[in-house]
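Below is one structure, written out as structure tokens, with a few remarks after it.
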Amino acid sequence: MSWYNTLGPQGDIAVSSRVRLARNIKGIPFPSRMTDEAAQAVIQKVWDALQLSSISHSFKLYKIAEQDKAFVQSAIEKHFISPNLASSGHGAVIISDSEDVAIMINEEDHIRIQTFSGGLNVREAYSLADKLDTLLGESIDFDYHDKFGFLTSCPTNAGTGMRASVMLHLPAATMTKSVNRILSWAGKLNLTVRGAFGEGTQAQGNMYQLSNQVTMGVSEDDILNLIESAAKELCLSERKAQSAIYENKHDDIADRCMRAYGILTNAYRLTSNEAMKLASDVHLGINLGIIKNIEICNLTEALFLTMPGSLGLRPTRDVERAEYFRNKIH
């Protein structure tokens with residue numbers, strides 16, 4: 001079962017949690033300076049280490065250059081790989097069958113362990129990432145400095161090498177234009193808030209990604225505590241804002257949510273952007289009790305499984321997307 005099939009803690013606002021650990025192999029140049037031969041050796045080292053491990057996951061290895069455009073696009077959409085890795089000539093990704101693990105190889109660093117969990121669950125995601133880190137470290141000599149911690153291609157990732165993030169659905173914050181205040185507040189805590197697909201992206205469907213900025217001079221537990229407390233604060237703030245908007249503009253909000261539900265469950269064609277906007281309003285309607293008998297996790301699953309890459313980039317994908325929503329959430 002994938003993380004988007006389950007409603008996790010604080011799941012009315014917190015969509016998912018992710019932990020990423022950046023690691024490099026001692027004695028091998030960073031990916032930006034490595035030969036293709038070295039890149040293939042890194043891929044093989046990581047794959048062999050996983051095969052020797054006792055972790056109860058099934059994995060598949062995908063070399064990016066050997067995949068079609070639909071697979072690559074889908075992997076980006078599901079946050080398994082970055083656009084940077086997608087354009088790499090010698091990159092790869094290892095994905096678990098349950099889709100809660102995606103290990104990027106030869107992106108900016110040799111290894112980027114990524115683990116996912118539904119809702120506000122960074123500690124569960126970290127526990128799995130830490131286990132994988134330990135298992136890989138048993139057969140791979142990571143580049144580590146006594147003073148600077150894990151050495152990374154970009155100095156801002158050194159130290160713990162850890163980025164923890166929570167994806168949040170914040171429609172009320174968007175409607176009230178309080179996002180700038182949130183950005184300022186997060187910055188003071190050494191956190192950052194970005195669009196759902198990371199740096200430089202827009203908040204499609206009112207989805208925002210909260211993550212730590214500092215990785216050096218802090219412990220993994222420090223990062224988890226900070227992300228967890230900040231995410232809880234944003235969840236509480238968003239709930240209050242949603243209730244206030246509904247109280248002040250009851251008919252407008254009810255109409256907006258029900259119209260979105262009507263289109264999402266009856267349209268013959270839906271673009272990906274349109275589906276995200278409509279799903280955001282339906283999600284809000286579920287939270288406010290306007291729309292009943294729909295599970296938020298079903299809505300989230302429909303979104304992730306009907307993105308362009310997941311539908312194979314087929315010309316008929318807008319029709320297929322609409323049909324999927326009609327069958328899934330009607």
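Starting from 1 in every chain, residues are counted up; chains themselves are A, B, ... following the order of the structure tokens, and ligands are numbered from 1 as listed.
With only C-alpha atoms taken into account, the protein and nucleic acid residues at most 10 Å from Val42 in chain A (excluding it and anything under 6 positions from it in its own chain) are Asn24, Ile25, Ile28, Pro31, Asp36, Asp48, Gly91, Ala92, Ile105, Asn106, His110, Ile111 and Ile140 of chain A.
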> Could you pull out the helix (DSSP H, G or I) residues of range 176-278 of chain A from DSSP and send them as JSON, numbers by chain?
Replying inline: {"A": [179, 180, 181, 182, 183, 184, 185, 186, 187, 188, 204, 205, 206, 220, 221, 222, 223, 224, 225, 226, 227, 228, 229, 230, 231, 232, 233, 234, 235, 236, 237, 238, 239, 240, 241, 242, 243, 244, 245, 246, 247, 248, 250, 251, 252, 253, 254, 255, 256, 257, 258, 259, 260, 261, 262, 263, 264, 272, 273, 274, 275, 276, 277, 278]}
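Distance check against Ala75 in chain A using only C-alpha atoms: of A:Ala172, A:Val179, A:Met276, A:Ala102, the minimum falls on A:Ala102.
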> If you run DSSP on the backbone, which residues of range 68-281 of chain A are strand (DSSP E), as an MDAnalysis selection string?
Replying inline: chainID A and resid 92:96 101:105 111:118 144:145 149:150 162:169 191:195 207:212
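Comparing A:Asp143, A:Glu295, A:Glu220, A:Glu124 by their smallest distance to Arg18 in chain A, the closest is A:Glu124 (using only C-alpha atoms).
With only C-alpha atoms as the atoms that count, the minimum distance from Leu288 in chain A to the choices A:Val72, A:Leu234, A:Leu313, A:Met258 is reached by A:Met258.
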>> I'd like the neighbourhood of Asn206 in chain A as number ranges by chain, where a residue qualifies if any of its atoms comes within 8 Å (using only C-alpha atoms), though same-chain residues fewer than 5 positions away should be ignored.
In response: A: 169-171, 174, 277, 280
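CA of Asn121 in chain A sits 26.6 Å away from CA of Gly309 in chain A.
If you measure from each of A:Ile103, A:Leu303, A:Ala65, A:Ile263 to Ser87 in chain A using only C-alpha atoms, the closest one turns out to be A:Ala65.
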>> as a PyMOL selection string, please: the residues near range 265-267 of chain A (cut-off 6 Å, only C-alpha atoms, same-chain neighbours under 6 positions excluded).
In response: chain A and resi 322+326+330
Those residues with N, CA, C and O atoms, as a CSV table (one decimal), in the first residue's frame please?
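Contents of again10.csv, freshly written:
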```csv
chain,number,residue,atom,x,y,z
A,322,ALA,N,-10.8,12.2,-16.0
A,322,ALA,CA,-12.1,12.5,-15.6
A,322,ALA,C,-12.9,11.2,-15.3
A,322,ALA,O,-13.6,11.2,-14.3
A,326,ARG,N,-14.5,10.2,-11.7
A,326,ARG,CA,-16.0,9.8,-11.6
A,326,ARG,C,-16.2,8.5,-10.8
A,326,ARG,O,-17.1,8.4,-10.0
A,330,HIS,N,-17.2,9.5,-6.7
A,330,HIS,CA,-18.6,9.8,-6.9
A,330,HIS,C,-19.4,9.3,-5.7
A,330,HIS,O,-19.2,8.2,-5.3
```
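Residue nearest Pro308 in chain A, chosen from A:Leu191, A:Val101, A:Leu270, A:Val46 and counting only C-alpha atoms: A:Leu270.
Minimum distance to Ala39 in chain A across A:His90, A:Arg23, A:Arg269, A:Leu236 (counting only C-alpha atoms) occurs at A:His90.
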> Which neighbours of Ser58 in chain A fall inside 9 Å, counting only C-alpha atoms, when residues of the same chain fewer than 2 positions from it are skipped, and could you give them as a ChimeraX atom specification?
Replying inline: /A:55-56,60,95-98
> Can you tell me how far CA of Lys69 in chain A sits from CA of Thr271 in chain A, in Å to one decimal?
Replying inline: 18.6 Å
> What separation in Å, quoted to one decimal, exists between CA of Lys232 in chain A and CA of Ser165 in chain A?
Replying inline: 12.6 Å
> Counting only C-alpha atoms, what is within 6 Å of Gln209 in chain A, bar same-chain residues fewer than 4 positions away, as a ChimeraX atom specification?
Replying inline: /A:166-167,193-196
Please dump the current selection as an mmCIF file, in the first residue's frame; keep C-alpha atoms.
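Final file, out.cif:
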```cif
data_model
loop_
_atom_site.group_PDB
_atom_site.id
_atom_site.type_symbol
_atom_site.label_atom_id
_atom_site.label_comp_id
_atom_site.auth_asym_id
_atom_site.auth_seq_id
_atom_site.Cartn_x
_atom_site.Cartn_y
_atom_site.Cartn_z
ATOM 1 C CA VAL A 166 5.770 17.880 5.170
ATOM 2 C CA MET A 167 3.358 18.556 2.315
ATOM 3 C CA VAL A 193 7.940 26.864 2.447
ATOM 4 C CA ARG A 194 7.809 26.058 -1.276
ATOM 5 C CA GLY A 195 5.457 24.717 -3.889
ATOM 6 C CA ALA A 196 4.598 21.026 -3.801
#
```
> Near Arg112 in chain A, within 6 Å and counting only C-alpha atoms, which residues show up once chain neighbours fewer than 6 positions away are dropped, as a ChimeraX atom specification?
Replying inline: /A:21-22,103-104
